[in-house]
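coords.cif follows (mmCIF, C-alpha atoms):
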```cif
data_structure
#
loop_
_atom_site.label_atom_id
_atom_site.label_comp_id
_atom_site.auth_asym_id
_atom_site.auth_seq_id
_atom_site.Cartn_x
_atom_site.Cartn_y
_atom_site.Cartn_z
CA MET A 1 -146.77 -129.68 5.94
CA PHE A 2 -147.61 -131.99 8.85
CA LEU A 3 -146.77 -135.01 6.68
CA LEU A 4 -143.53 -133.41 5.56
CA PHE A 5 -142.29 -132.51 9.03
CA PRO A 6 -141.63 -136.07 10.32
CA ARG A 7 -139.89 -136.93 7.04
CA LEU A 8 -137.69 -133.84 7.42
CA LEU A 9 -136.72 -134.93 10.92
CA VAL A 10 -135.81 -138.43 9.75
CA PHE A 11 -133.74 -136.99 6.90
CA LEU A 12 -131.88 -134.64 9.22
CA MET A 13 -131.17 -137.41 11.70
CA LEU A 14 -129.71 -139.68 9.03
CA PHE A 15 -127.82 -136.81 7.41
CA SER A 16 -126.35 -135.56 10.67
CA SER A 17 -125.06 -138.99 11.63
CA SER A 18 -123.08 -139.54 8.46
CA VAL A 19 -122.05 -136.27 6.82
CA SER A 20 -119.39 -133.69 7.45
CA PHE A 21 -117.92 -131.03 5.21
CA PRO A 22 -115.85 -127.85 5.47
CA LEU A 23 -117.53 -124.87 7.09
CA ILE A 24 -116.45 -121.35 6.17
CA SER A 25 -116.65 -118.69 8.84
CA ARG A 26 -115.75 -115.03 9.04
CA CYS A 27 -113.86 -113.86 12.09
CA ALA A 28 -114.18 -110.48 13.78
CA TYR A 29 -111.54 -108.96 11.52
CA GLY A 30 -113.19 -110.00 8.29
CA ARG A 31 -110.77 -112.77 7.32
CA ARG A 32 -112.11 -116.10 6.12
CA SER A 33 -110.96 -119.41 7.50
CA THR A 34 -111.91 -123.00 6.69
CA ALA A 35 -112.01 -125.97 9.00
CA THR A 36 -113.05 -129.55 8.36
CA THR A 37 -114.22 -131.35 11.49
CA ALA A 38 -115.79 -134.78 11.37
CA GLY A 39 -118.63 -133.91 13.72
CA THR A 40 -119.21 -130.25 12.95
CA VAL A 41 -122.26 -130.63 10.74
CA SER A 42 -123.65 -133.31 13.03
CA ILE A 43 -123.53 -130.91 15.99
CA VAL A 44 -125.18 -128.13 14.01
CA LEU A 45 -127.97 -130.37 12.73
CA ASN A 46 -128.53 -131.95 16.13
CA ARG A 47 -129.04 -128.48 17.55
CA LEU A 48 -131.43 -127.71 14.72
CA LEU A 49 -133.35 -130.87 15.55
CA MET A 50 -133.44 -129.84 19.19
CA SER A 51 -134.85 -126.44 18.27
CA LEU A 52 -137.52 -128.05 16.05
CA THR A 53 -138.63 -130.57 18.63
CA HIS A 54 -138.22 -128.41 21.76
CA PRO A 55 -139.52 -124.84 21.40
CA SER A 56 -137.66 -122.21 23.41
CA GLU A 57 -138.85 -121.21 26.88
CA LEU A 58 -139.53 -117.73 25.56
CA SER A 59 -142.22 -119.03 23.21
CA ALA A 60 -144.53 -119.57 26.21
CA LEU A 61 -144.34 -115.89 27.20
CA THR A 62 -146.69 -113.21 25.99
CA GLN A 63 -145.30 -110.23 24.14
CA LYS A 64 -146.06 -108.09 27.19
CA GLU A 65 -143.99 -110.43 29.37
CA LYS A 66 -141.13 -110.38 26.87
CA ASP A 67 -141.18 -106.57 26.79
CA LYS A 68 -141.05 -106.52 30.60
CA ILE A 69 -137.97 -108.76 30.60
CA VAL A 70 -136.16 -106.46 28.15
CA ALA A 71 -137.09 -103.42 30.23
CA ASP A 72 -135.73 -105.15 33.35
CA MET A 73 -132.52 -106.03 31.49
CA LEU A 74 -132.04 -102.41 30.48
CA TYR A 75 -132.50 -101.40 34.11
CA ARG A 76 -129.71 -103.74 35.21
CA VAL A 77 -127.35 -102.67 32.42
CA ARG A 78 -127.88 -98.99 33.23
CA GLN A 79 -127.39 -99.55 36.95
CA CYS A 80 -123.97 -100.96 36.06
CA ASN A 81 -123.13 -97.82 34.08
CA LEU A 82 -124.35 -95.21 36.54
CA VAL A 83 -122.01 -92.32 37.21
CA PRO A 84 -123.84 -89.34 38.77
CA VAL A 85 -122.92 -85.92 37.39
CA GLU A 86 -121.66 -84.77 40.80
CA VAL A 87 -119.24 -87.73 40.85
CA ARG A 88 -118.10 -87.37 37.24
CA ASP A 89 -117.36 -83.68 37.79
CA LYS A 90 -114.89 -84.58 40.55
CA LEU A 91 -112.88 -87.10 38.55
CA VAL A 92 -109.39 -86.26 37.33
CA ASN A 93 -107.16 -87.98 34.79
CA PHE A 94 -104.28 -90.15 35.96
CA VAL A 95 -101.62 -89.81 33.25
CA VAL A 96 -98.32 -91.70 33.01
CA ASP A 97 -95.99 -91.63 30.00
CA GLY A 98 -98.56 -89.58 28.13
CA LYS A 99 -101.28 -92.23 28.55
CA ILE A 100 -104.49 -91.87 30.55
CA LEU A 101 -104.53 -94.84 32.94
CA GLY A 102 -107.32 -93.98 35.34
CA LYS A 103 -109.94 -91.62 36.72
CA PRO A 104 -109.43 -91.11 40.46
CA ARG A 105 -111.42 -88.70 42.59
CA LEU A 106 -110.09 -85.21 43.24
CA GLU A 107 -109.80 -85.92 46.98
CA LEU A 108 -107.58 -88.97 46.37
CA ALA A 109 -105.39 -87.04 43.92
CA LYS A 110 -104.78 -84.37 46.57
CA ARG A 111 -103.93 -87.03 49.16
CA LEU A 112 -101.48 -88.73 46.79
CA ASP A 113 -99.85 -85.39 46.00
CA SER A 114 -98.50 -85.40 49.55
CA THR A 115 -96.42 -88.53 48.83
CA PRO A 116 -93.00 -88.48 47.13
CA TYR A 117 -94.20 -90.63 44.21
CA PHE A 118 -97.25 -88.74 42.94
CA SER A 119 -97.80 -85.23 41.63
CA PHE A 120 -101.09 -83.42 41.15
CA LYS A 121 -100.80 -80.32 39.00
CA SER A 122 -103.19 -78.52 36.63
CA GLY A 123 -105.90 -81.07 37.33
CA ILE A 124 -103.78 -84.07 36.31
CA LEU A 125 -102.40 -86.80 38.58
CA SER A 126 -99.06 -88.28 37.51
CA LEU A 127 -96.00 -90.07 38.85
CA THR A 128 -92.85 -88.24 39.90
CA GLU A 129 -89.29 -89.17 38.97
CA ASN A 130 -88.95 -90.67 42.47
CA ALA A 131 -91.33 -93.44 41.39
CA GLY A 132 -88.76 -94.64 38.87
CA SER A 133 -89.15 -95.42 35.19
CA SER A 134 -89.37 -99.22 35.04
CA ARG A 135 -92.41 -101.35 35.70
CA LEU A 136 -90.77 -102.97 38.72
CA GLU A 137 -89.69 -99.67 40.29
CA ARG A 138 -93.08 -98.08 39.83
CA THR A 139 -94.88 -101.14 41.15
CA GLU A 140 -92.77 -101.17 44.32
CA LYS A 141 -93.11 -97.44 45.03
CA ILE A 142 -96.83 -97.37 44.37
CA HIS A 143 -97.27 -100.45 46.55
CA GLU A 144 -95.67 -98.57 49.45
CA VAL A 145 -98.29 -95.86 49.12
CA MET A 146 -101.11 -98.39 48.82
CA LEU A 147 -100.04 -100.04 52.07
CA GLN A 148 -100.20 -96.65 53.77
CA LEU A 149 -103.66 -96.00 52.37
CA LYS A 150 -104.68 -99.42 53.69
CA LYS A 151 -103.54 -98.41 57.18
CA GLU A 152 -105.56 -95.22 56.90
CA GLY A 153 -108.66 -97.19 55.99
CA ILE A 154 -108.88 -95.64 52.52
CA ILE A 155 -108.29 -99.01 50.85
CA THR A 156 -110.45 -101.86 52.15
CA GLY A 157 -110.86 -105.49 51.17
CA TRP A 158 -107.16 -106.05 50.49
CA ARG A 159 -106.67 -109.03 48.15
CA ASP A 160 -102.88 -109.49 47.81
CA GLU A 161 -103.44 -109.78 44.07
CA LEU A 162 -101.73 -107.59 41.50
CA LEU A 163 -103.48 -106.31 38.39
CA SER A 164 -101.91 -104.80 35.29
CA VAL A 165 -102.30 -101.08 34.69
CA ALA A 166 -102.05 -100.12 31.02
CA SER A 167 -103.89 -98.07 28.43
CA GLY A 168 -105.32 -101.24 26.84
CA PHE A 169 -105.46 -105.00 27.33
CA TYR A 170 -102.83 -105.74 24.70
CA GLU A 171 -100.47 -102.99 25.87
CA GLU A 172 -97.49 -103.67 28.13
CA PRO A 173 -98.31 -102.86 31.78
CA ILE A 174 -96.82 -99.60 33.00
CA PHE A 175 -97.03 -100.88 36.57
CA LEU A 176 -98.98 -103.36 38.69
CA ILE A 177 -101.41 -102.40 41.42
CA GLU A 178 -103.16 -104.14 44.31
CA ARG A 179 -106.58 -105.26 43.14
CA ALA A 180 -108.43 -103.53 46.00
CA ALA A 181 -106.82 -100.22 45.03
CA ALA A 182 -107.72 -100.32 41.32
CA PRO A 183 -111.26 -98.87 41.71
CA LEU A 184 -109.93 -95.93 43.73
CA PHE A 185 -107.65 -95.04 40.84
CA GLY A 186 -110.39 -95.76 38.31
CA THR A 187 -108.02 -97.95 36.31
CA GLN A 188 -109.34 -100.34 33.69
CA ALA A 189 -109.71 -103.86 35.05
CA TYR A 190 -110.31 -107.10 33.19
CA GLY A 191 -111.88 -110.39 34.17
CA VAL A 192 -113.38 -113.66 33.00
CA HIS A 193 -116.99 -114.75 33.59
CA ILE A 194 -118.24 -118.20 32.71
CA ASN A 195 -121.82 -119.06 31.81
CA GLY A 196 -121.95 -122.63 33.08
CA TYR A 197 -125.04 -124.25 31.62
CA VAL A 198 -126.68 -127.59 30.94
CA ARG A 199 -129.44 -128.79 28.64
CA ASP A 200 -132.14 -130.75 30.38
CA GLU A 201 -133.93 -133.77 28.91
CA ALA A 202 -136.32 -131.48 27.03
CA GLY A 203 -133.46 -129.48 25.53
CA ARG A 204 -134.05 -126.38 27.68
CA LEU A 205 -131.07 -124.40 28.91
CA LYS A 206 -130.41 -124.04 32.62
CA LEU A 207 -127.71 -121.95 34.27
CA TRP A 208 -125.63 -122.89 37.26
CA VAL A 209 -125.84 -120.15 39.88
CA ALA A 210 -123.47 -119.53 42.79
CA ARG A 211 -124.18 -117.73 46.03
CA ARG A 212 -121.24 -115.66 47.19
CA SER A 213 -119.86 -116.27 50.64
CA LYS A 214 -121.41 -114.10 53.31
CA ILE A 215 -117.95 -113.12 54.51
CA LYS A 216 -116.80 -111.73 51.14
CA SER A 217 -115.64 -108.11 51.34
CA LYS A 218 -117.68 -107.17 48.27
CA TYR A 219 -121.28 -108.15 47.55
CA PRO A 220 -121.50 -110.79 50.31
CA GLY A 221 -124.29 -113.33 49.94
CA MET A 222 -125.33 -112.18 46.47
CA LEU A 223 -125.89 -114.43 43.46
CA ASP A 224 -123.00 -114.91 41.06
CA HIS A 225 -121.78 -116.92 38.09
CA ILE A 226 -120.66 -120.48 38.69
CA VAL A 227 -117.13 -119.19 38.00
CA ALA A 228 -115.78 -115.65 37.62
CA GLY A 229 -112.60 -113.85 38.50
CA GLY A 230 -110.40 -110.84 37.90
CA GLN A 231 -107.66 -111.14 35.30
CA PRO A 232 -104.32 -111.19 37.14
CA PHE A 233 -100.97 -110.30 35.64
CA GLY A 234 -98.90 -113.02 34.00
CA ILE A 235 -101.50 -115.50 32.71
CA SER A 236 -103.83 -115.59 29.71
CA PRO A 237 -107.62 -115.33 29.97
CA MET A 238 -108.04 -119.04 29.16
CA GLN A 239 -105.45 -120.00 31.75
CA ASN A 240 -107.40 -117.87 34.19
CA VAL A 241 -110.64 -119.65 33.23
CA VAL A 242 -109.07 -123.03 33.98
CA LYS A 243 -107.58 -121.78 37.24
CA GLU A 244 -110.81 -120.20 38.48
CA CYS A 245 -112.90 -123.21 37.43
CA GLY A 246 -110.79 -125.46 39.61
CA GLU A 247 -110.56 -123.05 42.54
CA GLU A 248 -114.18 -121.93 42.70
CA ALA A 249 -116.28 -124.87 41.51
CA GLY A 250 -114.07 -127.95 41.34
CA ILE A 251 -114.39 -128.17 37.56
CA PRO A 252 -111.64 -130.46 36.18
CA SER A 253 -109.15 -128.75 33.88
CA ASP A 254 -110.04 -130.94 30.87
CA LEU A 255 -113.67 -129.87 31.18
CA ALA A 256 -112.78 -126.24 31.87
CA LYS A 257 -110.69 -126.12 28.69
CA SER A 258 -113.83 -126.75 26.66
CA ALA A 259 -115.14 -123.31 27.65
CA ILE A 260 -115.76 -121.24 24.52
CA PRO A 261 -114.78 -117.55 24.35
CA VAL A 262 -117.90 -115.89 22.96
CA SER A 263 -117.97 -112.19 23.76
CA ALA A 264 -116.83 -109.29 25.92
CA ILE A 265 -118.81 -106.65 27.79
CA SER A 266 -117.63 -103.41 29.39
CA TYR A 267 -118.95 -100.92 31.90
CA GLU A 268 -118.05 -98.15 34.30
CA TYR A 269 -119.96 -97.04 37.34
CA SER A 270 -119.53 -95.14 40.56
CA ALA A 271 -118.92 -97.37 43.59
CA LYS A 272 -118.32 -97.00 47.33
CA ASN A 273 -120.56 -93.94 47.67
CA GLY A 274 -118.83 -92.17 44.82
CA THR A 275 -115.28 -92.66 46.09
CA ALA A 276 -114.33 -95.26 43.48
CA MET A 277 -114.84 -95.93 39.78
CA GLU A 278 -115.41 -99.52 38.70
CA ARG A 279 -114.18 -99.67 35.11
CA ALA A 280 -113.93 -103.11 33.56
CA CYS A 281 -113.98 -105.25 30.46
CA LEU A 282 -115.10 -108.83 31.05
CA PHE A 283 -114.33 -111.72 28.71
CA CYS A 284 -117.38 -113.98 28.46
CA TYR A 285 -117.15 -117.75 28.12
CA ASP A 286 -119.83 -120.40 27.62
CA LEU A 287 -119.21 -123.77 29.24
CA GLU A 288 -121.70 -126.58 28.61
CA LEU A 289 -121.57 -128.97 31.54
CA PRO A 290 -122.77 -132.60 31.73
CA ARG A 291 -126.20 -133.03 33.29
CA ASP A 292 -124.75 -135.17 36.06
CA PHE A 293 -121.98 -132.71 36.93
CA LEU A 294 -122.26 -131.08 40.35
CA PRO A 295 -120.02 -128.09 41.17
CA LYS A 296 -118.50 -128.08 44.62
CA VAL A 297 -117.30 -125.40 47.00
CA VAL A 298 -113.50 -125.39 47.02
CA ASP A 299 -111.93 -122.09 48.10
CA GLY A 300 -114.67 -120.77 50.36
CA GLU A 301 -115.62 -117.85 48.10
CA VAL A 302 -118.99 -119.50 47.41
CA ASP A 303 -121.51 -120.86 49.92
CA GLU A 304 -123.63 -122.95 47.54
CA PHE A 305 -124.56 -123.72 43.93
CA PHE A 306 -127.94 -124.32 42.34
CA LEU A 307 -129.34 -124.88 38.85
CA TRP A 308 -131.95 -122.42 37.55
CA SER A 309 -134.06 -122.10 34.44
CA LEU A 310 -133.52 -119.02 32.28
CA ASP A 311 -136.97 -117.80 33.31
CA LYS A 312 -135.97 -117.87 36.97
CA VAL A 313 -132.70 -116.09 36.22
CA ALA A 314 -134.57 -113.47 34.19
CA ALA A 315 -136.94 -112.86 37.11
CA THR A 316 -134.03 -111.62 39.25
CA MET A 317 -133.52 -108.72 36.84
CA SER A 318 -136.66 -106.99 38.10
CA PRO A 319 -135.88 -103.81 40.08
CA ASP A 320 -138.06 -105.29 42.85
CA CYS A 321 -135.96 -108.46 43.22
CA THR A 322 -134.80 -108.92 46.81
CA ASP A 323 -132.19 -111.58 45.97
CA PRO A 324 -130.28 -110.24 42.95
CA TYR A 325 -127.01 -111.10 41.27
CA LYS A 326 -123.80 -109.17 41.78
CA PRO A 327 -124.34 -106.18 39.42
CA ASN A 328 -121.80 -106.91 36.69
CA CYS A 329 -122.98 -110.52 36.34
CA TYR A 330 -126.18 -109.26 34.76
CA LEU A 331 -124.34 -107.88 31.74
CA VAL A 332 -122.73 -111.26 31.01
CA ILE A 333 -126.01 -113.12 31.54
CA ILE A 334 -127.92 -110.71 29.29
CA ASP A 335 -125.27 -111.17 26.60
CA PHE A 336 -125.76 -114.94 26.95
CA MET A 337 -129.54 -114.65 26.66
CA LEU A 338 -129.25 -112.44 23.60
CA ARG A 339 -127.02 -114.97 21.87
CA GLN A 340 -129.34 -117.84 22.81
CA GLY A 341 -132.37 -116.07 21.36
CA TYR A 342 -134.09 -115.79 24.73
CA ILE A 343 -135.18 -112.27 23.79
CA SER A 344 -135.89 -110.97 20.30
CA PRO A 345 -135.89 -107.72 18.27
CA GLU A 346 -139.68 -107.54 18.55
CA SER A 347 -139.29 -106.10 22.05
CA PRO A 348 -138.51 -102.36 22.33
CA GLY A 349 -135.09 -101.85 23.87
CA TYR A 350 -133.45 -104.83 22.15
CA LEU A 351 -131.01 -102.66 20.18
CA ASP A 352 -130.37 -100.48 23.23
CA LEU A 353 -129.25 -103.61 25.08
CA LEU A 354 -126.86 -104.60 22.29
CA ARG A 355 -125.28 -101.15 22.34
CA GLU A 356 -125.18 -100.53 26.09
CA LEU A 357 -123.58 -103.86 26.99
CA ARG A 358 -120.33 -102.22 25.93
CA SER A 359 -120.74 -98.78 27.47
CA GLY A 360 -117.28 -98.79 28.99
CA GLN A 361 -113.83 -99.05 27.45
CA CYS A 362 -113.54 -102.19 25.34
CA ALA A 363 -109.84 -102.05 24.56
#
```
Just dump the structure as structure tokens.
Amino acid sequence: MFLLFPRLLVFLMLFSSSVSFPLISRCAYGRRSTATTAGTVSIVLNRLLMSLTHPSELSALTQKEKDKIVADMLYRVRQCNLVPVEVRDKLVNFVVDGKILGKPRLELAKRLDSTPYFSFKSGILSLTENAGSSRLERTEKIHEVMLQLKKEGIITGWRDELLSVASGFYEEPIFLIERAAAPLFGTQAYGVHINGYVRDEAGRLKLWVARRSKIKSKYPGMLDHIVAGGQPFGISPMQNVVKECGEEAGIPSDLAKSAIPVSAISYEYSAKNGTAMERACLFCYDLELPRDFLPKVVDGEVDEFFLWSLDKVAATMSPDCTDPYKPNCYLVIIDFMLRQGYISPESPGYLDLLRELRSGQCA
């Protein structure tokens, strides 16, 4: 075996440098597609070579340490899906055109009932005829109310950014709403999160980490992805990736366009002392960056960037960590680590992680 191994490596190196052939893959909907790319097999075999010559970081951990990491991951996922019974019992449905669009608190529904554009009857919040029937009319009327709630201090952290409100991502928006108001209504939000990573000389993965500005209205000073952002109305997720990459980390558009859409996670949890419901589906992207690339602060939303090993990132998942990530980042990072084989099915809780990463609405 030891004599065979070097010969296998030599064969793979020669084979990967000169051969390519069609690869057949199955997409999420079960259809088959074929694609012939000159370097496809080379990339696959080079990665195989890397895995043979550079064992994963996880291999150095004991089974007890691996089990602890999975337990910590489950803690973070469940914290991001925590809705106390006393909060859930006070949520009402926000229904427009026969579609449930949100889950606001009872107190907010009663406050909105006093405006000319909302009605709260039989436990259901809805729009009145005064709000109009078109997207534009409804957006304008609702915006008037949101500005009033801002004056009253009910809405904080105003962003001047409009998000779509619909029953699903691929549905036409029924109206647009100020981003800071969305959690109060419990509407479904969407966003993009980018796992910006590099491979060091030994082939080990490292993640770029950002520290949020200390003057941010939400989660100031906490750790974050190198790039992440809410999904605004009017642009595609990939367009948003490119935009956010440039605005938040100075990543050139050509490099940002190489980000690969890999997954989506969803969650819902009670925020702002139970007065808001964070409900979101995040599109996850992997972006391999050159080793010599250095992100830079551009728009002031980040104070600094640093490069961490996966072990160091995993350590922040402990409930005792005093310098954690922004809560929803953990779900995207855990999804990344699962796909990279950082944790394995041998650890109890592995399947729970797979299931609970999509505890919210994924539609």
Please produce, as a Markdown table, a per-residue contact table for stretch 228-286 of chain A versus stretch 76-99 of chain A (criterion: any atom at most 12 Å away, all atoms listed in the file considered), showing the nearest atom pair and its distance in Å to one decimal, sorted by chain then residue number.
```
| residue | atom | partner | partner_atom | distance |
| --- | --- | --- | --- | --- |
| A:Ile265 | CA | A:Val77 | CA | 10.5 |
| A:Ser266 | CA | A:Asn81 | CA | 9.1 |
| A:Tyr267 | CA | A:Asn81 | CA | 5.6 |
| A:Glu268 | CA | A:Asn81 | CA | 5.1 |
| A:Tyr269 | CA | A:Asn81 | CA | 4.6 |
| A:Ser270 | CA | A:Val83 | CA | 5.0 |
| A:Ala271 | CA | A:Val83 | CA | 8.7 |
| A:Lys272 | CA | A:Val87 | CA | 11.3 |
| A:Asn273 | CA | A:Val87 | CA | 9.3 |
| A:Gly274 | CA | A:Val87 | CA | 6.0 |
| A:Thr275 | CA | A:Val87 | CA | 8.2 |
| A:Ala276 | CA | A:Val87 | CA | 9.4 |
| A:Met277 | CA | A:Val83 | CA | 8.4 |
| A:Glu278 | CA | A:Cys80 | CA | 9.1 |
| A:Arg279 | CA | A:Asn81 | CA | 9.2 |
| A:Ala280 | CA | A:Cys80 | CA | 10.6 |
```
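Taking only C-alpha atoms into account, A:Asp113 lies nearest to A:Leu125 out of the set A:Leu125, A:Leu255, A:Leu282, A:Leu331.
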Next on the checklist: Report as a ChimeraX atom specification all protein, DNA and RNA residues lying within 12 Å of A:Ile155, evaluated on all atoms listed in the file, omitting residues in the same chain fewer than 4 positions from it.
Outcome noted: /A:108,143,145-151,159,178-185,217,272,275-276
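Between atom CA of A:Arg358 and atom CA of A:Val313 there is a distance of 21.2 Å.
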Next on the checklist: When the PyMOL selection byres ((chain A and resi 200-208) around 6) is applied to the structure above, which residues does it catch, written out as a PyMOL selection string?
Outcome noted: chain A and resi 196-199+209+226+306-310
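Separating atom CA of A:Ile251 from atom CA of A:Glu288 is a distance of 11.7 Å.
Minimum atom-to-atom distance to A:Glu107, evaluated using all atoms listed in the file, belongs to A:Ile154 out of A:Leu136, A:Leu338, A:Ile154, A:Pro237.
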Checklist entry - Written as a PyMOL selection string, which residues does the PyMOL selection byres ((chain A and resi 295) around 8) give for the file shown? => result chain A and resi 249-251+293-294+296-297+305
Item to check | Option closest in space to A:Gly360, from A:Glu65, A:Gln188, A:Glu171, A:Thr156 [counting all atoms listed in the file] | outcome: A:Gln188
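Nearest residue to A:Glu140, choosing from A:Ala60, A:Pro290, A:Phe283, A:Leu176 and counting all atoms listed in the file: A:Leu176.
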Checklist entry - Hey, what's within 6 Å of stretch 160-167 of chain A if we count only C-alpha atoms and toss same-chain stuff fewer than 3 positions away? As a list in words, please? => result Leu101, Pro173, Ile174, Phe175, Leu176, Ile177, Glu178, Arg179, Pro232 and Phe233 of chain A
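Reported to one decimal place, the separation of atom CA of A:Pro116 from atom CA of A:Arg138 is 12.1 Å.
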